[in-house]
>>> print(open('work08.pdb').read())   # PDB, C-alpha atoms
MODEL        1
ATOM      1  CA  MET A  23      64.202   5.554  -9.259
ATOM      2  CA  LYS A  24      60.778   7.112  -8.700
ATOM      3  CA  ALA A  25      59.505   3.720  -7.557
ATOM      4  CA  PHE A  26      62.023   3.796  -4.711
ATOM      5  CA  LYS A  27      60.669   7.032  -3.238
ATOM      6  CA  VAL A  28      58.957   5.286  -0.319
ATOM      7  CA  PRO A  29      61.870   3.001   0.642
ATOM      8  CA  ILE A  30      64.195   6.017   0.572
ATOM      9  CA  GLY A  31      61.755   7.922   2.793
ATOM     10  CA  ILE A  32      61.801   5.030   5.258
ATOM     11  CA  LEU A  33      65.580   5.009   5.203
ATOM     12  CA  ALA A  34      65.453   8.699   6.132
ATOM     13  CA  VAL A  35      63.234   7.818   9.127
ATOM     14  CA  TYR A  36      65.837   5.279  10.255
ATOM     15  CA  ILE A  37      68.614   7.868   9.983
ATOM     16  CA  LEU A  38      66.547  10.386  11.923
ATOM     17  CA  LEU A  39      65.763   7.754  14.540
ATOM     18  CA  SER A  40      69.418   6.814  14.953
ATOM     19  CA  LEU A  41      70.194  10.452  15.775
ATOM     20  CA  THR A  42      67.362  10.873  18.272
ATOM     21  CA  LEU A  43      66.614   7.404  19.696
ATOM     22  CA  PRO A  44      69.707   5.301  18.945
ATOM     23  CA  ASP A  45      68.495   2.320  21.035
ATOM     24  CA  MET A  46      65.246   1.992  19.155
ATOM     25  CA  ALA A  47      67.008   2.573  15.834
ATOM     26  CA  LEU A  48      69.376  -0.263  16.642
ATOM     27  CA  SER A  49      66.650  -2.770  17.509
ATOM     28  CA  SER A  50      64.557  -1.691  14.499
ATOM     29  CA  GLY A  51      67.610  -1.990  12.280
ATOM     30  CA  LYS A  52      68.357  -5.475  13.596
ATOM     31  CA  ILE A  53      64.789  -6.632  12.955
ATOM     32  CA  ALA A  54      64.780  -5.094   9.467
ATOM     33  CA  ALA A  55      68.115  -6.778   8.710
ATOM     34  CA  SER A  56      66.812 -10.204   9.754
ATOM     35  CA  TYR A  57      63.670  -9.756   7.640
ATOM     36  CA  PHE A  58      65.825  -8.595   4.741
ATOM     37  CA  LYS A  59      67.854 -11.788   5.016
ATOM     38  CA  GLU A  60      64.687 -13.905   5.174
ATOM     39  CA  MET A  61      63.125 -12.218   2.156
ATOM     40  CA  ALA A  62      66.341 -12.275   0.140
ATOM     41  CA  LEU A  63      66.467 -16.053   0.615
ATOM     42  CA  ILE A  64      62.797 -16.773   0.128
ATOM     43  CA  MET A  65      61.454 -14.370  -2.492
ATOM     44  CA  PRO A  66      63.611 -15.359  -5.519
ATOM     45  CA  PRO A  67      62.527 -19.041  -5.415
ATOM     46  CA  VAL A  68      58.910 -18.001  -4.745
ATOM     47  CA  PHE A  69      58.878 -15.820  -7.835
ATOM     48  CA  LEU A  70      60.604 -18.579  -9.802
ATOM     49  CA  LEU A  71      57.848 -20.999  -8.776
ATOM     50  CA  MET A  72      55.343 -18.414  -9.901
ATOM     51  CA  GLY A  73      57.164 -18.068 -13.239
ATOM     52  CA  LEU A  74      57.194 -21.834 -13.743
ATOM     53  CA  SER A  75      53.500 -22.145 -12.939
ATOM     54  CA  GLU A  76      52.784 -19.174 -15.217
ATOM     55  CA  VAL A  77      54.434 -20.996 -18.110
ATOM     56  CA  TRP A  78      53.489 -24.629 -17.486
ATOM     57  CA  ILE A  79      50.114 -24.770 -15.794
ATOM     58  CA  THR A  80      47.327 -24.284 -18.271
ATOM     59  CA  LYS A  81      44.378 -22.031 -17.778
ATOM     60  CA  ASP A  82      42.081 -24.951 -18.461
ATOM     61  CA  ALA A  83      43.460 -26.999 -15.574
ATOM     62  CA  ILE A  84      43.184 -24.146 -13.049
ATOM     63  CA  ARG A  85      39.745 -23.187 -14.287
ATOM     64  CA  LYS A  86      38.627 -26.792 -13.872
ATOM     65  CA  TRP A  87      40.130 -27.290 -10.389
ATOM     66  CA  LEU A  88      39.810 -23.849  -8.809
ATOM     67  CA  GLY A  89      37.534 -21.888 -11.118
ATOM     68  CA  LYS A  90      33.984 -20.742 -10.607
ATOM     69  CA  GLY A  91      32.628 -23.936 -12.102
ATOM     70  CA  ALA A  92      34.571 -26.174  -9.726
ATOM     71  CA  GLY A  93      32.000 -25.602  -6.970
ATOM     72  CA  ALA A  94      32.499 -26.993  -3.472
ATOM     73  CA  LYS A  95      35.223 -29.304  -4.741
ATOM     74  CA  GLY A  96      37.253 -26.284  -5.849
ATOM     75  CA  THR A  97      36.856 -24.595  -2.478
ATOM     76  CA  LEU A  98      37.870 -27.757  -0.650
ATOM     77  CA  PHE A  99      40.896 -28.012  -2.919
ATOM     78  CA  ALA A 100      41.849 -24.386  -2.163
ATOM     79  CA  LEU A 101      41.427 -25.016   1.567
ATOM     80  CA  VAL A 102      43.606 -28.131   1.615
ATOM     81  CA  PHE A 103      46.157 -26.469  -0.645
ATOM     82  CA  GLY A 104      46.314 -23.536   1.803
ATOM     83  CA  THR A 105      46.664 -25.519   5.035
ATOM     84  CA  LEU A 106      49.664 -27.591   3.948
ATOM     85  CA  PRO A 107      52.481 -25.056   3.643
ATOM     86  CA  THR A 108      54.495 -23.321   6.285
ATOM     87  CA  GLY A 109      55.839 -19.826   5.951
ATOM     88  CA  PRO A 110      54.533 -16.289   6.048
ATOM     89  CA  LEU A 111      51.494 -15.133   4.097
ATOM     90  CA  TYR A 112      53.396 -12.808   1.778
ATOM     91  CA  ILE A 113      54.895 -15.851   0.048
ATOM     92  CA  ALA A 114      51.367 -16.800  -1.008
ATOM     93  CA  PHE A 115      50.627 -13.450  -2.675
ATOM     94  CA  PRO A 116      52.490 -13.989  -5.969
ATOM     95  CA  LEU A 117      51.283 -17.600  -6.135
ATOM     96  CA  ALA A 118      47.621 -16.716  -5.593
ATOM     97  CA  ALA A 119      47.887 -13.848  -8.091
ATOM     98  CA  SER A 120      49.281 -16.291 -10.632
ATOM     99  CA  LEU A 121      46.322 -18.630 -10.041
ATOM    100  CA  LEU A 122      43.886 -15.711 -10.399
ATOM    101  CA  ARG A 123      45.436 -14.927 -13.787
ATOM    102  CA  LYS A 124      44.660 -18.518 -14.738
ATOM    103  CA  GLU A 125      41.020 -17.939 -13.787
ATOM    104  CA  ALA A 126      40.875 -19.463 -10.352
ATOM    105  CA  SER A 127      37.813 -17.911  -8.702
ATOM    106  CA  ILE A 128      38.216 -14.986  -6.315
ATOM    107  CA  HIS A 129      36.229 -16.915  -3.711
ATOM    108  CA  ASN A 130      38.635 -19.832  -3.812
ATOM    109  CA  MET A 131      41.712 -17.612  -3.678
ATOM    110  CA  VAL A 132      40.330 -15.769  -0.624
ATOM    111  CA  VAL A 133      39.866 -19.159   1.054
ATOM    112  CA  PHE A 134      43.359 -20.211  -0.045
ATOM    113  CA  LEU A 135      44.982 -17.045   1.354
ATOM    114  CA  GLY A 136      42.923 -17.247   4.547
ATOM    115  CA  ALA A 137      43.787 -20.897   5.105
ATOM    116  CA  TRP A 138      47.455 -20.143   4.502
ATOM    117  CA  ALA A 139      47.265 -17.255   6.998
ATOM    118  CA  ALA A 140      45.162 -18.736   9.752
ATOM    119  CA  LEU A 141      44.588 -22.468   9.311
ATOM    120  CA  LYS A 142      47.997 -23.901   8.406
ATOM    121  CA  ILE A 143      48.414 -27.330   9.987
ATOM    122  CA  PRO A 144      51.942 -26.739  11.392
ATOM    123  CA  GLN A 145      50.666 -23.547  13.013
ATOM    124  CA  LEU A 146      47.612 -25.325  14.466
ATOM    125  CA  LEU A 147      49.923 -27.761  16.223
ATOM    126  CA  VAL A 148      51.767 -24.917  17.956
ATOM    127  CA  GLU A 149      48.432 -23.329  18.829
ATOM    128  CA  THR A 150      47.094 -26.543  20.395
ATOM    129  CA  GLU A 151      50.187 -26.800  22.515
ATOM    130  CA  PHE A 152      49.877 -23.294  23.965
ATOM    131  CA  LEU A 153      46.133 -22.598  23.917
ATOM    132  CA  GLY A 154      44.541 -26.023  24.031
ATOM    133  CA  LEU A 155      42.589 -28.222  21.658
ATOM    134  CA  GLU A 156      39.203 -26.676  22.450
ATOM    135  CA  PHE A 157      40.436 -23.168  21.615
ATOM    136  CA  THR A 158      42.168 -24.307  18.420
ATOM    137  CA  ALA A 159      39.213 -26.357  17.162
ATOM    138  CA  LEU A 160      36.706 -23.574  17.773
ATOM    139  CA  ARG A 161      38.962 -20.985  16.148
ATOM    140  CA  PHE A 162      39.393 -23.262  13.137
ATOM    141  CA  VAL A 163      35.641 -23.679  12.661
ATOM    142  CA  THR A 164      34.707 -20.005  13.156
ATOM    143  CA  THR A 165      37.587 -18.790  10.989
ATOM    144  CA  LEU A 166      36.628 -21.164   8.198
ATOM    145  CA  GLY A 167      33.037 -19.908   8.324
ATOM    146  CA  ILE A 168      34.177 -16.287   8.130
ATOM    147  CA  LEU A 169      36.530 -17.095   5.237
ATOM    148  CA  LEU A 170      33.762 -18.673   3.198
ATOM    149  CA  LEU A 171      31.590 -15.585   3.737
ATOM    150  CA  MET A 172      34.520 -13.290   2.904
ATOM    151  CA  GLY A 173      35.019 -15.159  -0.337
ATOM    152  CA  VAL A 174      31.390 -14.581  -1.314
ATOM    153  CA  ALA A 175      31.631 -10.888  -0.395
ATOM    154  CA  MET A 176      34.861 -10.311  -2.321
ATOM    155  CA  GLU A 177      33.578 -12.152  -5.348
ATOM    156  CA  TYR A 178      30.593  -9.792  -5.273
ATOM    157  CA  PHE A 179      32.595  -6.578  -4.769
ATOM    158  CA  LEU A 180      35.151  -7.404  -7.453
ATOM    159  CA  LYS A 181      32.877  -8.956 -10.062
ATOM    160  CA  ASN A 182      32.732  -5.818 -12.215
ATOM    161  CA  GLU A 183      36.458  -5.087 -12.224
ATOM    162  CA  LYS A 184      37.413  -4.622 -15.879
ATOM    163  CA  ASN A 185      41.151  -4.664 -15.335
ATOM    164  CA  PRO A 186      41.844  -6.120 -11.875
ATOM    165  CA  GLY A 187      45.205  -5.476 -10.205
ATOM    166  CA  TRP A 188      46.475  -9.032 -10.491
ATOM    167  CA  MET A 189      46.302  -8.827 -14.285
ATOM    168  CA  GLN A 190      48.552  -5.772 -14.346
ATOM    169  CA  GLU A 191      51.416  -7.174 -12.336
ATOM    170  CA  VAL A 192      52.904  -9.422 -14.983
ATOM    171  CA  GLU A 193      53.073  -8.818 -18.682
ATOM    172  CA  LEU A 194      52.662 -12.326 -19.957
ATOM    173  CA  PRO A 195      55.392 -12.864 -22.517
ATOM    174  CA  MET A 196      53.212 -15.166 -24.545
ATOM    175  CA  LYS A 197      49.711 -15.658 -25.755
ATOM    176  CA  GLN A 198      47.674 -18.319 -24.090
ATOM    177  CA  LYS A 199      44.471 -19.831 -25.161
TER     178      LYS A 199
ATOM    179  CA  MET B   3      63.886 -23.261   7.866
ATOM    180  CA  THR B   4      61.445 -25.972   6.744
ATOM    181  CA  THR B   5      59.834 -23.372   4.502
ATOM    182  CA  LEU B   6      63.150 -22.708   2.795
ATOM    183  CA  VAL B   7      63.883 -26.409   2.299
ATOM    184  CA  VAL B   8      60.425 -27.063   0.846
ATOM    185  CA  ILE B   9      60.522 -24.083  -1.506
ATOM    186  CA  TYR B  10      64.044 -24.706  -2.761
ATOM    187  CA  THR B  11      63.264 -28.397  -3.289
ATOM    188  CA  LEU B  12      60.141 -27.488  -5.274
ATOM    189  CA  VAL B  13      62.003 -24.937  -7.379
ATOM    190  CA  LEU B  14      64.922 -27.263  -8.095
ATOM    191  CA  ALA B  15      62.679 -30.193  -8.990
ATOM    192  CA  GLY B  16      60.297 -28.035 -11.021
ATOM    193  CA  GLY B  17      63.128 -26.173 -12.712
ATOM    194  CA  ALA B  18      64.913 -29.389 -13.662
ATOM    195  CA  ALA B  19      61.753 -30.974 -15.060
ATOM    196  CA  SER B  20      61.007 -27.778 -16.931
ATOM    197  CA  LEU B  21      64.532 -27.611 -18.415
ATOM    198  CA  ILE B  22      64.312 -31.195 -19.641
ATOM    199  CA  LYS B  23      60.912 -30.678 -21.231
ATOM    200  CA  SER B  24      61.579 -27.314 -22.810
ATOM    201  CA  PRO B  25      64.594 -25.052 -22.277
ATOM    202  CA  GLN B  26      62.746 -22.300 -24.115
ATOM    203  CA  LYS B  27      59.734 -22.315 -21.815
ATOM    204  CA  THR B  28      62.079 -22.450 -18.824
ATOM    205  CA  LYS B  29      63.837 -19.337 -20.029
ATOM    206  CA  ARG B  30      60.457 -17.641 -20.332
ATOM    207  CA  ALA B  31      59.569 -18.709 -16.770
ATOM    208  CA  PHE B  32      62.816 -17.119 -15.561
ATOM    209  CA  MET B  33      62.031 -13.912 -17.429
ATOM    210  CA  VAL B  34      58.552 -13.728 -15.882
ATOM    211  CA  ALA B  35      60.043 -14.367 -12.430
ATOM    212  CA  LYS B  36      62.786 -11.775 -12.871
ATOM    213  CA  LYS B  37      60.430  -9.113 -14.159
ATOM    214  CA  SER B  38      57.871  -9.447 -11.391
ATOM    215  CA  LEU B  39      60.537  -9.713  -8.699
ATOM    216  CA  LEU B  40      62.096  -6.451  -9.924
ATOM    217  CA  LYS B  41      58.680  -4.831 -10.075
ATOM    218  CA  SER B  42      57.947  -5.890  -6.501
ATOM    219  CA  MET B  43      61.325  -4.752  -5.189
ATOM    220  CA  PRO B  44      60.254  -1.290  -3.954
ATOM    221  CA  SER B  45      57.246  -2.765  -2.106
ATOM    222  CA  LEU B  46      59.405  -5.500  -0.595
ATOM    223  CA  LEU B  47      61.930  -2.941   0.680
ATOM    224  CA  THR B  48      59.069  -0.831   2.050
ATOM    225  CA  VAL B  49      57.655  -3.829   3.906
ATOM    226  CA  ILE B  50      61.041  -4.682   5.419
ATOM    227  CA  GLY B  51      61.586  -1.096   6.555
ATOM    228  CA  ILE B  52      58.143  -0.798   8.145
ATOM    229  CA  VAL B  53      58.397  -4.185   9.852
ATOM    230  CA  GLY B  54      61.615  -3.073  11.525
ATOM    231  CA  LEU B  55      60.078   0.186  12.700
ATOM    232  CA  THR B  56      56.846  -1.319  14.076
ATOM    233  CA  LEU B  57      58.496  -4.282  15.778
ATOM    234  CA  GLY B  58      61.215  -2.016  17.174
ATOM    235  CA  ILE B  59      58.472  -0.081  18.943
ATOM    236  CA  LEU B  60      55.944  -2.897  19.586
ATOM    237  CA  SER B  61      58.170  -5.610  21.005
ATOM    238  CA  PRO B  62      56.506  -8.726  22.505
ATOM    239  CA  GLU B  63      57.208  -7.333  25.996
ATOM    240  CA  ILE B  64      55.460  -4.065  25.208
ATOM    241  CA  ILE B  65      52.485  -5.888  23.660
ATOM    242  CA  GLU B  66      52.199  -7.997  26.790
ATOM    243  CA  SER B  67      52.225  -4.915  29.013
ATOM    244  CA  LEU B  68      49.602  -3.225  26.810
ATOM    245  CA  LEU B  69      47.196  -6.160  26.631
ATOM    246  CA  GLY B  70      47.773  -8.015  29.878
ATOM    247  CA  ALA B  71      46.533  -5.265  32.140
ATOM    248  CA  GLU B  72      43.583  -4.009  30.122
ATOM    249  CA  ALA B  73      40.257  -5.794  30.079
ATOM    250  CA  GLY B  74      36.908  -5.517  28.357
ATOM    251  CA  PHE B  75      35.840  -4.309  24.968
ATOM    252  CA  PHE B  76      38.575  -1.689  24.656
ATOM    253  CA  ALA B  77      41.274  -4.313  25.205
ATOM    254  CA  THR B  78      39.798  -6.451  22.425
ATOM    255  CA  ILE B  79      39.844  -3.589  19.921
ATOM    256  CA  LEU B  80      43.355  -2.638  20.977
ATOM    257  CA  ALA B  81      44.431  -6.275  20.574
ATOM    258  CA  ALA B  82      42.918  -6.410  17.096
ATOM    259  CA  VAL B  83      44.723  -3.214  16.078
ATOM    260  CA  ILE B  84      48.065  -4.359  17.479
ATOM    261  CA  GLY B  85      47.641  -7.735  15.772
ATOM    262  CA  ALA B  86      46.865  -6.021  12.477
ATOM    263  CA  ILE B  87      49.969  -3.840  12.473
ATOM    264  CA  THR B  88      52.521  -6.325  13.782
ATOM    265  CA  LEU B  89      54.122  -9.212  11.957
ATOM    266  CA  ILE B  90      55.246 -11.819  14.470
ATOM    267  CA  PRO B  91      55.997 -15.420  13.551
ATOM    268  CA  SER B  92      53.377 -17.780  15.031
ATOM    269  CA  ILE B  93      56.086 -19.604  16.951
ATOM    270  CA  VAL B  94      56.408 -16.417  19.054
ATOM    271  CA  ALA B  95      52.756 -15.341  18.865
ATOM    272  CA  PHE B  96      51.119 -18.425  20.401
ATOM    273  CA  PRO B  97      53.314 -18.583  23.511
ATOM    274  CA  LEU B  98      52.719 -14.833  23.879
ATOM    275  CA  ALA B  99      48.942 -15.356  23.608
ATOM    276  CA  GLY B 100      49.160 -18.186  26.140
ATOM    277  CA  SER B 101      50.977 -16.026  28.650
ATOM    278  CA  LEU B 102      48.523 -13.158  28.048
ATOM    279  CA  LEU B 103      45.666 -15.544  28.830
ATOM    280  CA  ARG B 104      47.321 -16.610  32.072
ATOM    281  CA  SER B 105      48.020 -13.023  33.057
ATOM    282  CA  GLY B 106      44.322 -12.171  32.868
ATOM    283  CA  ALA B 107      43.491 -11.247  29.261
ATOM    284  CA  THR B 108      40.145 -12.622  28.051
ATOM    285  CA  VAL B 109      39.638 -15.294  25.375
ATOM    286  CA  MET B 110      37.984 -12.612  23.240
ATOM    287  CA  THR B 111      41.044 -10.371  23.453
ATOM    288  CA  ILE B 112      43.639 -12.981  22.586
ATOM    289  CA  THR B 113      41.473 -14.391  19.768
ATOM    290  CA  ALA B 114      41.202 -10.921  18.250
ATOM    291  CA  PHE B 115      44.977 -10.522  18.569
ATOM    292  CA  ILE B 116      45.841 -13.880  16.993
ATOM    293  CA  THR B 117      43.299 -13.601  14.200
ATOM    294  CA  THR B 118      44.262 -10.131  13.009
ATOM    295  CA  LEU B 119      47.914 -11.032  13.494
ATOM    296  CA  VAL B 120      47.723 -13.852  10.975
ATOM    297  CA  MET B 121      45.040 -12.504   8.619
ATOM    298  CA  VAL B 122      45.498  -8.735   8.491
ATOM    299  CA  GLY B 123      48.792  -7.322   7.272
ATOM    300  CA  VAL B 124      49.103  -3.573   7.519
ATOM    301  CA  VAL B 125      52.864  -3.679   7.048
ATOM    302  CA  THR B 126      52.686  -6.076   4.114
ATOM    303  CA  PHE B 127      49.929  -3.991   2.515
ATOM    304  CA  PRO B 128      52.277  -2.286  -0.005
ATOM    305  CA  LEU B 129      53.276  -5.694  -1.362
ATOM    306  CA  GLU B 130      49.753  -7.127  -1.341
ATOM    307  CA  SER B 131      48.319  -4.140  -3.154
ATOM    308  CA  LYS B 132      51.162  -4.244  -5.696
ATOM    309  CA  VAL B 133      50.437  -7.894  -6.433
ATOM    310  CA  PHE B 134      46.596  -7.914  -6.348
ATOM    311  CA  GLY B 135      45.649  -4.271  -6.804
ATOM    312  CA  LYS B 136      44.573  -1.823  -4.133
ATOM    313  CA  LYS B 137      40.893  -2.776  -4.127
ATOM    314  CA  PHE B 138      41.497  -6.471  -3.508
ATOM    315  CA  ALA B 139      44.033  -5.760  -0.766
ATOM    316  CA  LEU B 140      41.792  -3.210   0.965
ATOM    317  CA  LEU B 141      38.804  -5.562   0.851
ATOM    318  CA  ARG B 142      40.724  -8.599   2.065
ATOM    319  CA  ASN B 143      42.318  -6.762   4.983
ATOM    320  CA  GLY B 144      39.193  -4.809   5.898
ATOM    321  CA  LEU B 145      36.917  -7.858   5.838
ATOM    322  CA  SER B 146      39.524  -9.895   7.744
ATOM    323  CA  PHE B 147      39.609  -7.237  10.469
ATOM    324  CA  VAL B 148      35.825  -7.222  10.851
ATOM    325  CA  GLY B 149      35.803 -11.021  10.604
ATOM    326  CA  ALA B 150      38.410 -11.246  13.371
ATOM    327  CA  LEU B 151      36.166  -9.252  15.712
ATOM    328  CA  ILE B 152      33.225 -11.552  14.921
ATOM    329  CA  ILE B 153      35.380 -14.646  15.497
ATOM    330  CA  ALA B 154      36.616 -13.136  18.774
ATOM    331  CA  ALA B 155      33.067 -12.388  19.930
ATOM    332  CA  ILE B 156      31.910 -15.949  19.183
ATOM    333  CA  MET B 157      34.964 -17.496  20.855
ATOM    334  CA  GLY B 158      34.574 -15.227  23.869
ATOM    335  CA  GLY B 159      30.911 -16.174  24.167
ATOM    336  CA  VAL B 160      31.468 -19.914  23.894
ATOM    337  CA  LEU B 161      34.674 -20.302  25.898
ATOM    338  CA  SER B 162      34.067 -18.315  29.036
TER     339      SER B 162
ENDMDL
END
>>> encode(input="work08.pdb", output="structure tokens")
Amino acid sequence: MKAFKVPIGILAVYILLSLTLPDMALSSGKIAASYFKEMALIMPPVFLLMGLSEVWITKDAIRKWLGKGAGAKGTLFALVFGTLPTGPLYIAFPLAASLLRKEASIHNMVVFLGAWAALKIPQLLVETEFLGLEFTALRFVTTLGILLLMGVAMEYFLKNEKNPGWMQEVELPMKQK
Amino acid sequence: MTTLVVIYTLVLAGGAASLIKSPQKTKRAFMVAKKSLLKSMPSLLTVIGIVGLTLGILSPEIIESLLGAEAGFFATILAAVIGAITLIPSIVAFPLAGSLLRSGATVMTITAFITTLVMVGVVTFPLESKVFGKKFALLRNGLSFVGALIIAAIMGGVLS
């Protein structure tokens, strides 16, 4: 129950808002309801995928393909892997965390998350339509450059973490070599 | 919609293959999924609540009126901040950016808006920090915000 302190606080804000600004409360409530529906449909299968990858994909495979030793090939793999999907970034969080637990490098996961957020191919098509090819191409190149630098920076800032957050989220129900 | 179809197809195919290979491991996968979903529940509810509140206040029309009229450096920072705190699907965001551009906003401003919109998630922060830890989430969002301003400055310089 203690964990639900914040959501309950937010609910109180909604109730307060409905008494003072009913119009805004109504539109906020509608938006929240549609996001609730979206998340209720999308999060269970996302976590199931994470569970399946947690159990089936070996550490060795991830380390080899996306780990520190994978070099430029690993980064390219993370980039391609990130540009293919559609869907909001929060879907990628549990998946990337699962890959980090399997020793994918922080650099590659920052690139993966960034590509998912900003360089998804379906999204680029919409962008080209509304803002032009020149705009889209230049944004792709500059964003990719920034992402690669961000990966280096985050790898550096997090290298001494003894017990990083992504290791705490799931208690692995089994020992893995 | 496509996202849902893809994810459900992957889960069904993966789940079926997993069941055939090892029912025991599949059960374990379900347990892992259930546990972390339950653990993330409060952050998910928080995100949903905050999204409703911010988008109820910052509707696309209001964003347009805030960013269309302003110009210069201040507009770019404002655009970056609004992009960071809102969560709009790209199908709405790109037409909005296009109309902002036509109504007089600079390339730098709309680039800052789009980039922080997709890369920085203030409202999804509770979930991100639950999943990756606070330090990772702070670094990723902070660096993305600074990065977005750099990207905007380069784009503004080249395309004007």
>>> interface_residues(input="work08.pdb", of="chain B", to="chain A", cutoff="6 Å", atoms="all atoms listed in the file", output="number ranges by chain")
B: 5, 13, 31, 34-35, 44, 47-48, 50-51, 54-55, 58, 96-97, 100, 120-121, 133-135, 153
>>> write_last_selection(input="work08.pdb", atoms="C-alpha atoms", output="compact mmCIF listing (two decimals), in the frame of the given file")
# COMPACT_ATOMS: atom_id res chain seq x y z
CA THR B 5 59.83 -23.37 4.50
CA VAL B 13 62.00 -24.94 -7.38
CA ALA B 31 59.57 -18.71 -16.77
CA VAL B 34 58.55 -13.73 -15.88
CA ALA B 35 60.04 -14.37 -12.43
CA PRO B 44 60.25 -1.29 -3.95
CA LEU B 47 61.93 -2.94 0.68
CA THR B 48 59.07 -0.83 2.05
CA ILE B 50 61.04 -4.68 5.42
CA GLY B 51 61.59 -1.10 6.56
CA GLY B 54 61.62 -3.07 11.52
CA LEU B 55 60.08 0.19 12.70
CA GLY B 58 61.22 -2.02 17.17
CA PHE B 96 51.12 -18.42 20.40
CA PRO B 97 53.31 -18.58 23.51
CA GLY B 100 49.16 -18.19 26.14
CA VAL B 120 47.72 -13.85 10.98
CA MET B 121 45.04 -12.50 8.62
CA VAL B 133 50.44 -7.89 -6.43
CA PHE B 134 46.60 -7.91 -6.35
CA GLY B 135 45.65 -4.27 -6.80
CA ILE B 153 35.38 -14.65 15.50
>>> resolve_selection(input="work08.pdb", expression="the PyMOL selection byres ((chain B and resi 68) around 12)", output="list of chain:residue names")
B:Leu60, B:Ser61, B:Pro62, B:Glu63, B:Ile64, B:Ile65, B:Glu66, B:Ser67, B:Leu69, B:Gly70, B:Ala71, B:Glu72, B:Ala73, B:Phe76, B:Ala77, B:Thr78, B:Ile79, B:Leu80, B:Ala81, B:Val83, B:Ile84, B:Leu102, B:Ser105, B:Ala107, B:Thr111, B:Phe115
>>> closest_residue(input="work08.pdb", among="B:Arg142, B:Lys132, B:Lys36, B:Lys27", to="Val49 of chain B", atoms="only C-alpha atoms")
B:Lys132
>>> atom_distance(input="work08.pdb", atom1="atom CA of Thr4 of chain B", atom2="atom CA of Ala150 of chain B")
28.1 Å
>>> closest_residue(input="work08.pdb", among="B:Thr113, B:Leu119, B:Ala99, B:Ile59", to="Leu161 of chain B", atoms="only C-alpha atoms")
B:Thr113
>>> atom_distance(input="work08.pdb", atom1="atom CA of Leu40 of chain B", atom2="atom CA of Val8 of chain B")
23.3 Å
>>> closest_residue(input="work08.pdb", among="A:Leu101, A:Ala94, A:Leu147, A:Leu106", to="Ser92 of chain B", atoms="only C-alpha atoms")
A:Leu147
>>> residues_near_point(input="work08.pdb", point="(43.0, -23.4, -8.7)", cutoff="6 Å", atoms="only C-alpha atoms", output="VMD selection string")
chain A and resid 84 87 to 88 121 126
>>> write_last_selection(input="work08.pdb", atoms="C-alpha atoms", output="PDB file, in the frame of the given file")
ATOM      1  CA  ILE A  84      43.184 -24.146 -13.049  1.00  0.00           C
ATOM      2  CA  TRP A  87      40.130 -27.290 -10.389  1.00  0.00           C
ATOM      3  CA  LEU A  88      39.810 -23.849  -8.809  1.00  0.00           C
ATOM      4  CA  LEU A 121      46.322 -18.630 -10.041  1.00  0.00           C
ATOM      5  CA  ALA A 126      40.875 -19.463 -10.352  1.00  0.00           C
TER       6      ALA A 126
END
>>> axis_aligned_box(input="work08.pdb", around="segment 108-122 of chain A", padding_each_side="8 Å", output="JSON")
{"center_x": 49.9, "center_y": -18.1, "center_z": -2.2, "size_x": 28.0, "size_y": 26.5, "size_z": 32.9}
>>> closest_residue(input="work08.pdb", among="B:Leu89, B:Phe138, B:Gly106, B:Arg30", to="Gly17 of chain B", atoms="all atoms listed in the file")
B:Arg30
>>> atom_distance(input="work08.pdb", atom1="atom CA of Gly16 of chain B", atom2="atom CA of Gly104 of chain A")
19.5 Å
>>> resolve_selection(input="work08.pdb", expression="the PyMOL selection byres ((chain B and resi 125) around 7)", output="list of chain:residue names")
B:Val49, B:Ile52, B:Val53, B:Ile87, B:Gly123, B:Val124, B:Thr126, B:Phe127
